[in-house]
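Chemist: My structure file run.txt, compact mmCIF, N, CA and C atoms, is below:
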```txt
# COMPACT_ATOMS: atom_id res chain seq x y z
N MET A 1 0.84 -1.17 0.00
CA MET A 1 0.00 0.00 0.00
C MET A 1 0.90 1.24 0.00
N GLU A 2 0.54 2.22 -0.77
CA GLU A 2 1.30 3.46 -0.86
C GLU A 2 1.01 4.35 0.35
N TRP A 3 1.94 5.24 0.66
CA TRP A 3 1.77 6.12 1.81
C TRP A 3 0.54 7.01 1.67
N ALA A 4 0.26 7.47 0.47
CA ALA A 4 -0.93 8.32 0.28
C ALA A 4 -2.20 7.55 0.66
N GLU A 5 -2.26 6.27 0.31
CA GLU A 5 -3.41 5.44 0.68
C GLU A 5 -3.47 5.22 2.19
N LEU A 6 -2.31 5.00 2.81
CA LEU A 6 -2.27 4.81 4.26
C LEU A 6 -2.77 6.05 4.99
N VAL A 7 -2.33 7.21 4.53
CA VAL A 7 -2.77 8.46 5.17
C VAL A 7 -4.26 8.66 4.93
N ARG A 8 -4.73 8.37 3.74
CA ARG A 8 -6.17 8.49 3.46
C ARG A 8 -6.97 7.58 4.40
N ASP A 9 -6.54 6.35 4.54
CA ASP A 9 -7.23 5.41 5.43
C ASP A 9 -7.15 5.87 6.89
N ALA A 10 -6.00 6.41 7.27
CA ALA A 10 -5.83 6.90 8.64
C ALA A 10 -6.76 8.08 8.91
N VAL A 11 -6.86 9.00 7.98
CA VAL A 11 -7.75 10.15 8.14
C VAL A 11 -9.20 9.69 8.22
N GLN A 12 -9.56 8.73 7.41
CA GLN A 12 -10.93 8.19 7.46
C GLN A 12 -11.20 7.55 8.82
N TYR A 13 -10.24 6.82 9.34
CA TYR A 13 -10.38 6.22 10.66
C TYR A 13 -10.58 7.29 11.73
N VAL A 14 -9.76 8.33 11.66
CA VAL A 14 -9.89 9.43 12.63
C VAL A 14 -11.26 10.08 12.52
N GLU A 15 -11.70 10.35 11.32
CA GLU A 15 -13.01 10.99 11.14
C GLU A 15 -14.13 10.12 11.69
N ASN A 16 -14.01 8.82 11.54
CA ASN A 16 -15.04 7.90 12.03
C ASN A 16 -15.00 7.73 13.54
N HIS A 17 -13.87 8.06 14.17
CA HIS A 17 -13.71 7.87 15.62
C HIS A 17 -13.36 9.18 16.33
N ILE A 18 -13.68 10.30 15.73
CA ILE A 18 -13.24 11.61 16.24
C ILE A 18 -13.77 11.90 17.64
N THR A 19 -14.88 11.31 18.02
CA THR A 19 -15.44 11.57 19.36
C THR A 19 -14.81 10.69 20.43
N GLU A 20 -13.96 9.77 20.03
CA GLU A 20 -13.31 8.85 20.96
C GLU A 20 -11.89 9.32 21.25
N ASP A 21 -11.28 8.74 22.27
CA ASP A 21 -9.87 8.99 22.52
C ASP A 21 -9.07 8.17 21.50
N ILE A 22 -8.40 8.87 20.60
CA ILE A 22 -7.63 8.22 19.54
C ILE A 22 -6.15 8.46 19.79
N THR A 23 -5.37 7.42 19.69
CA THR A 23 -3.92 7.58 19.81
C THR A 23 -3.26 7.25 18.48
N MET A 24 -2.04 7.69 18.34
CA MET A 24 -1.27 7.36 17.15
C MET A 24 -1.13 5.86 17.02
N TYR A 25 -1.03 5.17 18.16
CA TYR A 25 -0.89 3.71 18.15
C TYR A 25 -2.13 3.03 17.59
N ASP A 26 -3.31 3.56 17.93
CA ASP A 26 -4.56 3.01 17.40
C ASP A 26 -4.60 3.13 15.88
N VAL A 27 -4.25 4.30 15.39
CA VAL A 27 -4.32 4.56 13.95
C VAL A 27 -3.24 3.77 13.22
N ALA A 28 -2.05 3.73 13.77
CA ALA A 28 -0.96 2.96 13.14
C ALA A 28 -1.33 1.49 13.06
N GLU A 29 -1.94 0.96 14.11
CA GLU A 29 -2.37 -0.43 14.08
C GLU A 29 -3.45 -0.65 13.03
N TYR A 30 -4.36 0.31 12.91
CA TYR A 30 -5.44 0.20 11.92
C TYR A 30 -4.89 0.12 10.50
N VAL A 31 -3.88 0.93 10.20
CA VAL A 31 -3.31 0.92 8.84
C VAL A 31 -2.14 -0.05 8.71
N ASN A 32 -1.86 -0.78 9.80
CA ASN A 32 -0.87 -1.86 9.80
C ASN A 32 0.55 -1.36 9.48
N VAL A 33 0.95 -0.30 10.18
CA VAL A 33 2.29 0.26 10.04
C VAL A 33 2.82 0.51 11.45
N SER A 34 4.12 0.43 11.64
CA SER A 34 4.66 0.70 12.96
C SER A 34 4.37 2.16 13.34
N PRO A 35 4.15 2.41 14.62
CA PRO A 35 3.87 3.78 15.06
C PRO A 35 4.96 4.77 14.65
N PHE A 36 6.22 4.35 14.70
CA PHE A 36 7.32 5.23 14.32
C PHE A 36 7.20 5.66 12.86
N TYR A 37 7.03 4.70 11.96
CA TYR A 37 6.93 5.03 10.54
C TYR A 37 5.63 5.76 10.22
N PHE A 38 4.58 5.40 10.92
CA PHE A 38 3.32 6.12 10.69
C PHE A 38 3.47 7.59 11.05
N HIS A 39 4.06 7.86 12.21
CA HIS A 39 4.25 9.25 12.65
C HIS A 39 5.06 10.03 11.64
N LYS A 40 6.17 9.45 11.19
CA LYS A 40 7.02 10.13 10.21
C LYS A 40 6.30 10.34 8.88
N GLY A 41 5.66 9.29 8.37
CA GLY A 41 4.97 9.40 7.08
C GLY A 41 3.81 10.38 7.11
N PHE A 42 3.00 10.31 8.15
CA PHE A 42 1.87 11.23 8.27
C PHE A 42 2.36 12.67 8.35
N SER A 43 3.38 12.90 9.16
CA SER A 43 3.92 14.25 9.33
C SER A 43 4.49 14.80 8.03
N ILE A 44 5.21 13.97 7.31
CA ILE A 44 5.81 14.41 6.05
C ILE A 44 4.74 14.73 5.01
N LEU A 45 3.76 13.85 4.87
CA LEU A 45 2.74 14.05 3.84
C LEU A 45 1.73 15.14 4.19
N CYS A 46 1.40 15.28 5.46
CA CYS A 46 0.36 16.23 5.85
C CYS A 46 0.90 17.57 6.32
N GLY A 47 2.15 17.58 6.76
CA GLY A 47 2.73 18.82 7.24
C GLY A 47 2.47 19.09 8.72
N TYR A 48 1.81 18.17 9.39
CA TYR A 48 1.58 18.27 10.83
C TYR A 48 1.39 16.87 11.38
N THR A 49 1.47 16.75 12.69
CA THR A 49 1.36 15.43 13.31
C THR A 49 -0.11 15.00 13.39
N LEU A 50 -0.30 13.73 13.69
CA LEU A 50 -1.65 13.22 13.86
C LEU A 50 -2.35 13.93 15.01
N SER A 51 -1.64 14.17 16.10
CA SER A 51 -2.23 14.87 17.24
C SER A 51 -2.70 16.27 16.86
N GLU A 52 -1.91 16.97 16.07
CA GLU A 52 -2.31 18.30 15.60
C GLU A 52 -3.55 18.21 14.72
N TYR A 53 -3.59 17.21 13.85
CA TYR A 53 -4.75 17.02 12.99
C TYR A 53 -6.01 16.81 13.83
N ILE A 54 -5.92 15.94 14.82
CA ILE A 54 -7.08 15.65 15.67
C ILE A 54 -7.49 16.90 16.44
N ARG A 55 -6.53 17.63 17.01
CA ARG A 55 -6.85 18.86 17.75
C ARG A 55 -7.52 19.89 16.86
N ASN A 56 -7.12 19.96 15.60
CA ASN A 56 -7.73 20.92 14.69
C ASN A 56 -9.11 20.48 14.20
N ARG A 57 -9.34 19.20 14.11
CA ARG A 57 -10.62 18.69 13.62
C ARG A 57 -11.72 18.74 14.67
N ARG A 58 -11.39 18.51 15.91
CA ARG A 58 -12.42 18.44 16.96
C ARG A 58 -13.22 19.73 17.10
N PRO A 59 -12.61 20.92 17.10
CA PRO A 59 -13.43 22.13 17.19
C PRO A 59 -14.35 22.30 15.98
N VAL A 60 -13.91 21.84 14.82
CA VAL A 60 -14.74 21.95 13.62
C VAL A 60 -15.94 21.01 13.72
N MET A 61 -15.73 19.85 14.31
CA MET A 61 -16.80 18.85 14.40
C MET A 61 -17.76 19.09 15.56
N SER A 62 -17.35 19.82 16.60
CA SER A 62 -18.19 19.95 17.79
C SER A 62 -19.57 20.54 17.53
N PRO A 63 -19.76 21.52 16.64
CA PRO A 63 -21.14 21.98 16.39
C PRO A 63 -22.01 20.88 15.78
N LEU A 64 -21.41 19.99 15.02
CA LEU A 64 -22.17 18.91 14.40
C LEU A 64 -22.61 17.88 15.44
N TRP A 65 -21.82 17.71 16.50
CA TRP A 65 -22.16 16.75 17.54
C TRP A 65 -23.42 17.17 18.27
N SER A 66 -23.62 18.48 18.42
CA SER A 66 -24.81 18.94 19.15
C SER A 66 -26.09 18.70 18.36
N LEU A 67 -25.96 18.45 17.07
CA LEU A 67 -27.14 18.18 16.24
C LEU A 67 -27.64 16.75 16.37
N ARG A 68 -26.84 15.88 16.97
CA ARG A 68 -27.22 14.47 17.09
C ARG A 68 -28.25 14.27 18.15
```
Give the structure from this file in structure tokens form.

Modeler:
Amino acid sequence: MEWAELVRDAVQYVENHITEDITMYDVAEYVNVSPFYFHKGFSILCGYTLSEYIRNRRPVMSPLWSLR
């Protein structure tokens, strides 16, 4: 699997579990890559870490949660 596909799958996983406590280890396991390589690959391709991505997505999603 190419890194672009891994990152796409990882982002989809995060979006589907955004209301849960998500760790880099959870996502790395989901895409079947070591946490070390996942962290490096995600950071290089996205320009920020997975933790930064999650922190930035949660405020955007919170108004949608109140509609449920």

Chemist: Using DSSP assignments from the backbone, pull out every residue in chain A that falls under alpha helix (DSSP H) and give it to me as an MDAnalysis selection string.

Modeler: chainID A and resid 3:16 24:30 35:46 50:65

Chemist: Once you have the residues from the selection above, write them out as a compact mmCIF listing (two decimals), keeping the file's coordinate frame, restricted to N, CA and C atoms.

Modeler:
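Result written to result_37.txt:
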```txt
# COMPACT_ATOMS: atom_id res chain seq x y z
N TRP A 3 1.94 5.24 0.66
CA TRP A 3 1.77 6.12 1.81
C TRP A 3 0.54 7.01 1.67
N ALA A 4 0.26 7.47 0.47
CA ALA A 4 -0.93 8.32 0.28
C ALA A 4 -2.20 7.55 0.66
N GLU A 5 -2.26 6.27 0.31
CA GLU A 5 -3.41 5.44 0.68
C GLU A 5 -3.47 5.22 2.19
N LEU A 6 -2.31 5.00 2.81
CA LEU A 6 -2.27 4.81 4.26
C LEU A 6 -2.77 6.05 4.99
N VAL A 7 -2.33 7.21 4.53
CA VAL A 7 -2.77 8.46 5.17
C VAL A 7 -4.26 8.66 4.93
N ARG A 8 -4.73 8.37 3.74
CA ARG A 8 -6.17 8.49 3.46
C ARG A 8 -6.97 7.58 4.40
N ASP A 9 -6.54 6.35 4.54
CA ASP A 9 -7.23 5.41 5.43
C ASP A 9 -7.15 5.87 6.89
N ALA A 10 -6.00 6.41 7.27
CA ALA A 10 -5.83 6.90 8.64
C ALA A 10 -6.76 8.08 8.91
N VAL A 11 -6.86 9.00 7.98
CA VAL A 11 -7.75 10.15 8.14
C VAL A 11 -9.20 9.69 8.22
N GLN A 12 -9.56 8.73 7.41
CA GLN A 12 -10.93 8.19 7.46
C GLN A 12 -11.20 7.55 8.82
N TYR A 13 -10.24 6.82 9.34
CA TYR A 13 -10.38 6.22 10.66
C TYR A 13 -10.58 7.29 11.73
N VAL A 14 -9.76 8.33 11.66
CA VAL A 14 -9.89 9.43 12.63
C VAL A 14 -11.26 10.08 12.52
N GLU A 15 -11.70 10.35 11.32
CA GLU A 15 -13.01 10.99 11.14
C GLU A 15 -14.13 10.12 11.69
N ASN A 16 -14.01 8.82 11.54
CA ASN A 16 -15.04 7.90 12.03
C ASN A 16 -15.00 7.73 13.54
N MET A 24 -2.04 7.69 18.34
CA MET A 24 -1.27 7.36 17.15
C MET A 24 -1.13 5.86 17.02
N TYR A 25 -1.03 5.17 18.16
CA TYR A 25 -0.89 3.71 18.15
C TYR A 25 -2.13 3.03 17.59
N ASP A 26 -3.31 3.56 17.93
CA ASP A 26 -4.56 3.01 17.40
C ASP A 26 -4.60 3.13 15.88
N VAL A 27 -4.25 4.30 15.39
CA VAL A 27 -4.32 4.56 13.95
C VAL A 27 -3.24 3.77 13.22
N ALA A 28 -2.05 3.73 13.77
CA ALA A 28 -0.96 2.96 13.14
C ALA A 28 -1.33 1.49 13.06
N GLU A 29 -1.94 0.96 14.11
CA GLU A 29 -2.37 -0.43 14.08
C GLU A 29 -3.45 -0.65 13.03
N TYR A 30 -4.36 0.31 12.91
CA TYR A 30 -5.44 0.20 11.92
C TYR A 30 -4.89 0.12 10.50
N PRO A 35 4.15 2.41 14.62
CA PRO A 35 3.87 3.78 15.06
C PRO A 35 4.96 4.77 14.65
N PHE A 36 6.22 4.35 14.70
CA PHE A 36 7.32 5.23 14.32
C PHE A 36 7.20 5.66 12.86
N TYR A 37 7.03 4.70 11.96
CA TYR A 37 6.93 5.03 10.54
C TYR A 37 5.63 5.76 10.22
N PHE A 38 4.58 5.40 10.92
CA PHE A 38 3.32 6.12 10.69
C PHE A 38 3.47 7.59 11.05
N HIS A 39 4.06 7.86 12.21
CA HIS A 39 4.25 9.25 12.65
C HIS A 39 5.06 10.03 11.64
N LYS A 40 6.17 9.45 11.19
CA LYS A 40 7.02 10.13 10.21
C LYS A 40 6.30 10.34 8.88
N GLY A 41 5.66 9.29 8.37
CA GLY A 41 4.97 9.40 7.08
C GLY A 41 3.81 10.38 7.11
N PHE A 42 3.00 10.31 8.15
CA PHE A 42 1.87 11.23 8.27
C PHE A 42 2.36 12.67 8.35
N SER A 43 3.38 12.90 9.16
CA SER A 43 3.92 14.25 9.33
C SER A 43 4.49 14.80 8.03
N ILE A 44 5.21 13.97 7.31
CA ILE A 44 5.81 14.41 6.05
C ILE A 44 4.74 14.73 5.01
N LEU A 45 3.76 13.85 4.87
CA LEU A 45 2.74 14.05 3.84
C LEU A 45 1.73 15.14 4.19
N CYS A 46 1.40 15.28 5.46
CA CYS A 46 0.36 16.23 5.85
C CYS A 46 0.90 17.57 6.32
N LEU A 50 -0.30 13.73 13.69
CA LEU A 50 -1.65 13.22 13.86
C LEU A 50 -2.35 13.93 15.01
N SER A 51 -1.64 14.17 16.10
CA SER A 51 -2.23 14.87 17.24
C SER A 51 -2.70 16.27 16.86
N GLU A 52 -1.91 16.97 16.07
CA GLU A 52 -2.31 18.30 15.60
C GLU A 52 -3.55 18.21 14.72
N TYR A 53 -3.59 17.21 13.85
CA TYR A 53 -4.75 17.02 12.99
C TYR A 53 -6.01 16.81 13.83
N ILE A 54 -5.92 15.94 14.82
CA ILE A 54 -7.08 15.65 15.67
C ILE A 54 -7.49 16.90 16.44
N ARG A 55 -6.53 17.63 17.01
CA ARG A 55 -6.85 18.86 17.75
C ARG A 55 -7.52 19.89 16.86
N ASN A 56 -7.12 19.96 15.60
CA ASN A 56 -7.73 20.92 14.69
C ASN A 56 -9.11 20.48 14.20
N ARG A 57 -9.34 19.20 14.11
CA ARG A 57 -10.62 18.69 13.62
C ARG A 57 -11.72 18.74 14.67
N ARG A 58 -11.39 18.51 15.91
CA ARG A 58 -12.42 18.44 16.96
C ARG A 58 -13.22 19.73 17.10
N PRO A 59 -12.61 20.92 17.10
CA PRO A 59 -13.43 22.13 17.19
C PRO A 59 -14.35 22.30 15.98
N VAL A 60 -13.91 21.84 14.82
CA VAL A 60 -14.74 21.95 13.62
C VAL A 60 -15.94 21.01 13.72
N MET A 61 -15.73 19.85 14.31
CA MET A 61 -16.80 18.85 14.40
C MET A 61 -17.76 19.09 15.56
N SER A 62 -17.35 19.82 16.60
CA SER A 62 -18.19 19.95 17.79
C SER A 62 -19.57 20.54 17.53
N PRO A 63 -19.76 21.52 16.64
CA PRO A 63 -21.14 21.98 16.39
C PRO A 63 -22.01 20.88 15.78
N LEU A 64 -21.41 19.99 15.02
CA LEU A 64 -22.17 18.91 14.40
C LEU A 64 -22.61 17.88 15.44
N TRP A 65 -21.82 17.71 16.50
CA TRP A 65 -22.16 16.75 17.54
C TRP A 65 -23.42 17.17 18.27
```

Chemist: Between CA of Asn16 in chain A and CA of Ser34 in chain A, what distance in Å does the model show, to one decimal?

Modeler: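 That distance, rounded to one decimal, is 21.0 Å.
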
Chemist: Using Å and a single decimal, report how far CA of Glu20 in chain A sits from atom C of Cys46 in chain A.

Modeler: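 Going from atom C of Cys46 in chain A over to CA of Glu20 in chain A, I get 22.2 Å.
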
Chemist: I'd like the interatomic distance between CA of Ile22 in chain A and CA of Ile54 in chain A, to a tenth of an Å.

Modeler: 8.4 Å
